[in-house]
Amino acid sequence: MALVQDFEKIDEGDALFLSTPMKITIGIFVIGPTVALLGVIPMIYWGLVSWVDLGLFLGFWALTAIGVTVGYHRYFTHGSFKTNRAVKIALALMGSYALEGSINQWVADHRKHHKFSDEIGDPHSPWRFGTSRKAIAKGLVFAHMGWLFSEQQATVDQYAPDIRDDKDLQRINNAFPGIVVMTFLLPGIIGGLITWSWIGFLTGMFWGGVVRVAFVHHVTWSINSICHVFGKRPFKSRDLSSNVNWLAIPSFGESWHNLHHVDPTCARHGVLKGQIDPSAGLIRVLERLNLASDVRWPKPERLAKKLIDPSMAPRIRGYDKALAAKAAAESVGA
Ligand SMILES: [Zn+2]
Ligand SMILES: [Zn+2]
């Protein structure tokens, strides 16, 4: 593994230059919801949270988080499965509502992250400033959100031409400013209609919009920061990606990040027994409903070869079954 300290050297040819107004816009949408989190405790103290607000938070959280994990990440970036046009559009819209940037840029940045993970060119490695305690602390902040303001984001033409050339996705990409407004307005409208009150509108917008956006942001960013520094590394990856179990549920299974870097197109990231992966469960549901096909499910024997400790092989889901099937096939062939 080649961990490079000299991250200041920008890799040639594919830097995206952000204008100052663009940086200010990113700042508002990155820092704004986070700062608004300060309002959570006073809102609870003043009783400005209802079951409707909680439902809006959970509902919009689930929809937009799935849009990012199953849609933006496993489907659009890595092609872990195939689906029809309606599901493709639904996933792209749900992911866009998470407000993590337009689908073009998200996919481009993430593909570049995989190409250069924890080396020069990685848009958000926490190892960028070195390996001392201070450098890692600085790197964690950079990997979490600082990188969004850097000049080293990937260019769409180079990393996501397939997304750029898809007409449906371009319509959604161009509609992003409207989506930014609607992601806050929609939970407000629903809350207002259910409670038939302006207070319901405002608290719906706060909990289902602002708080939910901040929560989804920080969970996604934790995969870039925490899951490249802390946690376990059972698989042989060429970077420092790691598995972090306490993030598995909030991240919908994305925090089994060590396996993901070892086998990026695999539709399931939690491949060891007991590793909860709700996104993989959802892809399985789509498959059963004939809405997903050619799903790239894990191949237990192949994964076993990538374990650092081969004696852990029986901990891979389906490993025993795969061995038994292989033995049965061999006995038939003999
Ligand atoms: Zn990663
Ligand atoms: Zn990935």
# chains A, B, ... in the order shown; residues from 1 in each chain; ligands from 1
call {"tool": "residues_near_ligand", "arguments": {"ligand": "ligand 1", "cutoff": "12 Å", "atoms": "only C-alpha atoms and all ligand atoms", "output": "short mmCIF file (atom, residue, chain, number, x, y, z; two decimals) with C-alpha atoms, in the first residue's frame"}}
result
data_model
loop_
_atom_site.label_atom_id
_atom_site.label_comp_id
_atom_site.auth_asym_id
_atom_site.auth_seq_id
_atom_site.Cartn_x
_atom_site.Cartn_y
_atom_site.Cartn_z
CA HIS A 73 -23.62 4.52 -5.12
CA ASP A 109 -16.07 12.12 -7.43
CA HIS A 110 -16.80 8.65 -6.13
CA ARG A 111 -15.29 6.84 -9.09
CA LYS A 112 -12.18 8.98 -8.72
CA HIS A 113 -12.08 8.09 -5.01
CA HIS A 114 -11.99 4.39 -5.91
CA LYS A 115 -9.35 4.89 -8.59
CA PHE A 116 -6.90 6.68 -6.28
CA SER A 117 -8.12 5.63 -2.82
CA ASP A 118 -5.77 7.06 -0.16
CA GLU A 119 -3.21 8.15 -2.76
CA ASP A 122 -8.18 10.75 -4.08
CA PRO A 123 -10.65 13.66 -3.66
CA HIS A 124 -11.19 12.93 0.04
CA SER A 125 -8.52 10.83 1.73
CA PRO A 126 -8.17 11.44 5.48
CA TRP A 127 -4.47 10.53 5.06
CA ALA A 143 -12.31 13.93 4.29
CA HIS A 144 -15.57 14.64 6.08
CA THR A 220 -22.44 9.74 4.12
CA TRP A 221 -19.39 11.87 4.92
CA SER A 222 -18.52 9.54 7.81
CA ILE A 223 -17.93 6.80 5.25
CA ASN A 224 -15.27 9.01 3.65
CA SER A 225 -13.68 10.03 6.94
CA ILE A 226 -14.26 7.44 9.72
CA CYS A 227 -14.36 4.40 7.40
CA HIS A 228 -10.87 5.17 6.10
CA VAL A 229 -9.27 5.57 9.55
CA SER A 237 -7.34 -3.77 0.22
CA ARG A 238 -4.71 -1.51 -1.31
CA ASP A 239 -5.98 1.45 0.75
CA LEU A 240 -6.95 2.03 4.39
CA SER A 241 -10.69 1.49 3.98
CA SER A 242 -12.28 -0.12 7.04
CA ASN A 243 -15.45 -1.73 8.42
CA GLU A 254 -22.32 1.36 3.53
CA SER A 255 -19.94 1.27 6.49
CA TRP A 256 -18.70 -2.24 5.54
CA HIS A 257 -16.33 -0.12 3.51
CA ASN A 258 -13.26 -2.38 3.62
CA LEU A 259 -15.07 -5.08 1.64
CA HIS A 260 -16.48 -2.43 -0.69
CA HIS A 261 -13.00 -1.28 -1.72
CA VAL A 262 -11.91 -4.88 -2.24
CA ASP A 263 -14.93 -5.73 -4.41
CA PRO A 264 -16.49 -2.39 -5.53
#
call {"tool": "select_by_dssp", "arguments": {"residues": "stretch 123-264 of chain A", "states": "strand (DSSP E or B)", "output": "list in words"}}
result
Lys232, Phe235, Asn243 and Trp256 of chain A
call {"tool": "closest_residue", "arguments": {"among": "A:Val107, A:Leu169, A:Val219, A:Ala324", "to": "ligand 2", "atoms": "only C-alpha atoms and all ligand atoms"}}
result
A:Val107
call {"tool": "residues_around", "arguments": {"residues": "A:Gly200", "least_positions_apart": "3", "cutoff": "10 Å", "atoms": "only C-alpha atoms", "output": "number ranges by chain"}}
result
A: 48-50, 52-53, 187-197, 203-206
call {"tool": "write_last_selection", "arguments": {"atoms": "N, CA and C atoms", "output": "PDB file, in the first residue's frame"}}
result
ATOM      1  N   LEU A  48     -41.581  21.802  20.087  1.00  0.00           N
ATOM      2  CA  LEU A  48     -41.832  21.975  18.653  1.00  0.00           C
ATOM      3  C   LEU A  48     -41.392  20.736  17.860  1.00  0.00           C
ATOM      4  N   VAL A  49     -41.833  19.577  18.322  1.00  0.00           N
ATOM      5  CA  VAL A  49     -41.604  18.331  17.594  1.00  0.00           C
ATOM      6  C   VAL A  49     -42.783  17.402  17.884  1.00  0.00           C
ATOM      7  N   SER A  50     -43.405  16.909  16.805  1.00  0.00           N
ATOM      8  CA  SER A  50     -44.582  16.049  16.975  1.00  0.00           C
ATOM      9  C   SER A  50     -44.302  14.690  16.333  1.00  0.00           C
ATOM     10  N   VAL A  52     -45.778  13.610  13.833  1.00  0.00           N
ATOM     11  CA  VAL A  52     -45.774  13.875  12.383  1.00  0.00           C
ATOM     12  C   VAL A  52     -44.363  14.281  11.951  1.00  0.00           C
ATOM     13  N   ASP A  53     -43.723  15.158  12.738  1.00  0.00           N
ATOM     14  CA  ASP A  53     -42.358  15.601  12.415  1.00  0.00           C
ATOM     15  C   ASP A  53     -41.391  14.420  12.418  1.00  0.00           C
ATOM     16  N   PRO A 187     -41.465  18.237   2.845  1.00  0.00           N
ATOM     17  CA  PRO A 187     -41.868  17.783   4.189  1.00  0.00           C
ATOM     18  C   PRO A 187     -42.687  18.842   4.911  1.00  0.00           C
ATOM     19  N   GLY A 188     -42.403  20.123   4.636  1.00  0.00           N
ATOM     20  CA  GLY A 188     -43.187  21.206   5.244  1.00  0.00           C
ATOM     21  C   GLY A 188     -44.629  21.146   4.775  1.00  0.00           C
ATOM     22  N   ILE A 189     -44.819  20.994   3.463  1.00  0.00           N
ATOM     23  CA  ILE A 189     -46.186  20.947   2.918  1.00  0.00           C
ATOM     24  C   ILE A 189     -46.944  19.749   3.504  1.00  0.00           C
ATOM     25  N   ILE A 190     -46.276  18.584   3.540  1.00  0.00           N
ATOM     26  CA  ILE A 190     -46.954  17.386   4.074  1.00  0.00           C
ATOM     27  C   ILE A 190     -47.320  17.608   5.545  1.00  0.00           C
ATOM     28  N   GLY A 191     -46.352  18.126   6.321  1.00  0.00           N
ATOM     29  CA  GLY A 191     -46.608  18.382   7.751  1.00  0.00           C
ATOM     30  C   GLY A 191     -47.726  19.394   7.941  1.00  0.00           C
ATOM     31  N   GLY A 192     -47.722  20.441   7.114  1.00  0.00           N
ATOM     32  CA  GLY A 192     -48.748  21.478   7.198  1.00  0.00           C
ATOM     33  C   GLY A 192     -50.127  20.928   6.881  1.00  0.00           C
ATOM     34  N   LEU A 193     -50.199  20.068   5.858  1.00  0.00           N
ATOM     35  CA  LEU A 193     -51.497  19.511   5.457  1.00  0.00           C
ATOM     36  C   LEU A 193     -52.027  18.537   6.509  1.00  0.00           C
ATOM     37  N   ILE A 194     -51.115  17.698   7.057  1.00  0.00           N
ATOM     38  CA  ILE A 194     -51.571  16.712   8.056  1.00  0.00           C
ATOM     39  C   ILE A 194     -52.085  17.422   9.309  1.00  0.00           C
ATOM     40  N   THR A 195     -51.330  18.428   9.760  1.00  0.00           N
ATOM     41  CA  THR A 195     -51.729  19.104  11.014  1.00  0.00           C
ATOM     42  C   THR A 195     -52.651  20.296  10.726  1.00  0.00           C
ATOM     43  N   TRP A 196     -52.777  20.638   9.449  1.00  0.00           N
ATOM     44  CA  TRP A 196     -53.566  21.796   9.007  1.00  0.00           C
ATOM     45  C   TRP A 196     -53.180  23.044   9.791  1.00  0.00           C
ATOM     46  N   SER A 197     -51.828  23.291   9.850  1.00  0.00           N
ATOM     47  CA  SER A 197     -51.353  24.463  10.602  1.00  0.00           C
ATOM     48  C   SER A 197     -50.031  24.960  10.026  1.00  0.00           C
ATOM     49  N   THR A 203     -42.405  23.182  11.374  1.00  0.00           N
ATOM     50  CA  THR A 203     -41.663  22.119  12.070  1.00  0.00           C
ATOM     51  C   THR A 203     -41.426  20.936  11.114  1.00  0.00           C
ATOM     52  N   GLY A 204     -42.347  20.709  10.178  1.00  0.00           N
ATOM     53  CA  GLY A 204     -42.144  19.652   9.170  1.00  0.00           C
ATOM     54  C   GLY A 204     -40.935  19.959   8.317  1.00  0.00           C
ATOM     55  N   MET A 205     -40.801  21.250   7.954  1.00  0.00           N
ATOM     56  CA  MET A 205     -39.666  21.665   7.140  1.00  0.00           C
ATOM     57  C   MET A 205     -38.356  21.507   7.931  1.00  0.00           C
ATOM     58  N   PHE A 206     -38.421  21.824   9.238  1.00  0.00           N
ATOM     59  CA  PHE A 206     -37.217  21.751  10.071  1.00  0.00           C
ATOM     60  C   PHE A 206     -36.771  20.297  10.260  1.00  0.00           C
TER      61      PHE A 206
END
call {"tool": "residues_around", "arguments": {"residues": "A:Gly209", "least_positions_apart": "3", "cutoff": "10 Å", "atoms": "only C-alpha atoms", "output": "list in words"}}
result
Pro33, Asp53, Leu56, Phe57, Phe60, Trp61, Tyr97, Ala98, Val181, Met182, Thr183, Phe184, Leu185, Leu186, Pro187, Gly188, Leu202, Thr203, Gly204, Met205, Phe206, Arg212, Val213 and Ala214 of chain A
call {"tool": "write_last_selection", "arguments": {"atoms": "C-alpha atoms", "output": "tab-separated table (two decimals), in the first residue's frame"}}
result
chain	number	residue	atom	x	y	z
A	33	PRO	CA	-28.09	22.30	7.87
A	53	ASP	CA	-42.36	15.60	12.42
A	56	LEU	CA	-41.34	13.07	8.22
A	57	PHE	CA	-37.76	12.85	9.47
A	60	PHE	CA	-37.45	11.43	4.13
A	61	TRP	CA	-34.29	10.02	5.74
A	97	TYR	CA	-33.18	14.90	-2.71
A	98	ALA	CA	-30.37	14.01	-0.26
A	181	VAL	CA	-36.01	23.96	-2.76
A	182	MET	CA	-38.40	20.99	-2.80
A	183	THR	CA	-36.34	18.84	-0.40
A	184	PHE	CA	-37.14	21.40	2.34
A	185	LEU	CA	-40.57	22.48	1.10
A	186	LEU	CA	-42.08	19.04	0.56
A	187	PRO	CA	-41.87	17.78	4.19
A	188	GLY	CA	-43.19	21.21	5.24
A	202	LEU	CA	-42.53	25.01	9.73
A	203	THR	CA	-41.66	22.12	12.07
A	204	GLY	CA	-42.14	19.65	9.17
A	205	MET	CA	-39.67	21.66	7.14
A	206	PHE	CA	-37.22	21.75	10.07
A	212	ARG	CA	-32.79	15.12	7.93
A	213	VAL	CA	-30.47	16.67	5.29
A	214	ALA	CA	-27.81	17.29	7.95
call {"tool": "residues_around", "arguments": {"residues": "A:Ala322", "least_positions_apart": "4", "cutoff": "10 Å", "atoms": "only C-alpha atoms", "output": "PDB file with C-alpha atoms, in the first residue's frame"}}
result
ATOM      1  CA  LYS A 299     -19.026 -14.919  -4.614  1.00  0.00           C
ATOM      2  CA  PRO A 300     -18.015 -16.487  -1.273  1.00  0.00           C
ATOM      3  CA  GLU A 301     -15.059 -18.489  -2.568  1.00  0.00           C
ATOM      4  CA  ARG A 317     -22.263 -15.556   4.267  1.00  0.00           C
ATOM      5  CA  GLY A 318     -23.029 -18.543   2.057  1.00  0.00           C
ATOM      6  CA  LYS A 326     -18.885 -27.304  -5.308  1.00  0.00           C
ATOM      7  CA  ALA A 327     -18.327 -30.701  -3.654  1.00  0.00           C
ATOM      8  CA  ALA A 328     -21.666 -31.971  -4.986  1.00  0.00           C
TER       9      ALA A 328
END
call {"tool": "residues_around", "arguments": {"residues": "A:Phe252", "least_positions_apart": "4", "cutoff": "12 Å", "atoms": "only C-alpha atoms", "output": "number ranges by chain"}}
result
A: 61-70, 73-74, 216, 219-220, 223, 245-248, 256-257, 268-270, 275-283
call {"tool": "atom_distance", "arguments": {"atom1": "atom CA of A:Trp198", "atom2": "atom CA of A:Leu37"}}
result
21.0 Å
call {"tool": "residues_around", "arguments": {"residues": "A:Pro161", "least_positions_apart": "3", "cutoff": "12 Å", "atoms": "only C-alpha atoms", "output": "list in words"}}
result
Phe76, Thr77, Ile103, Asn104, Gln105, Val107, Ala108, Arg111, Ala154, Thr155, Val156, Asp157, Gln158, Arg164, Asp165, Asp166, Lys167, Leu169 and Gln170 of chain A
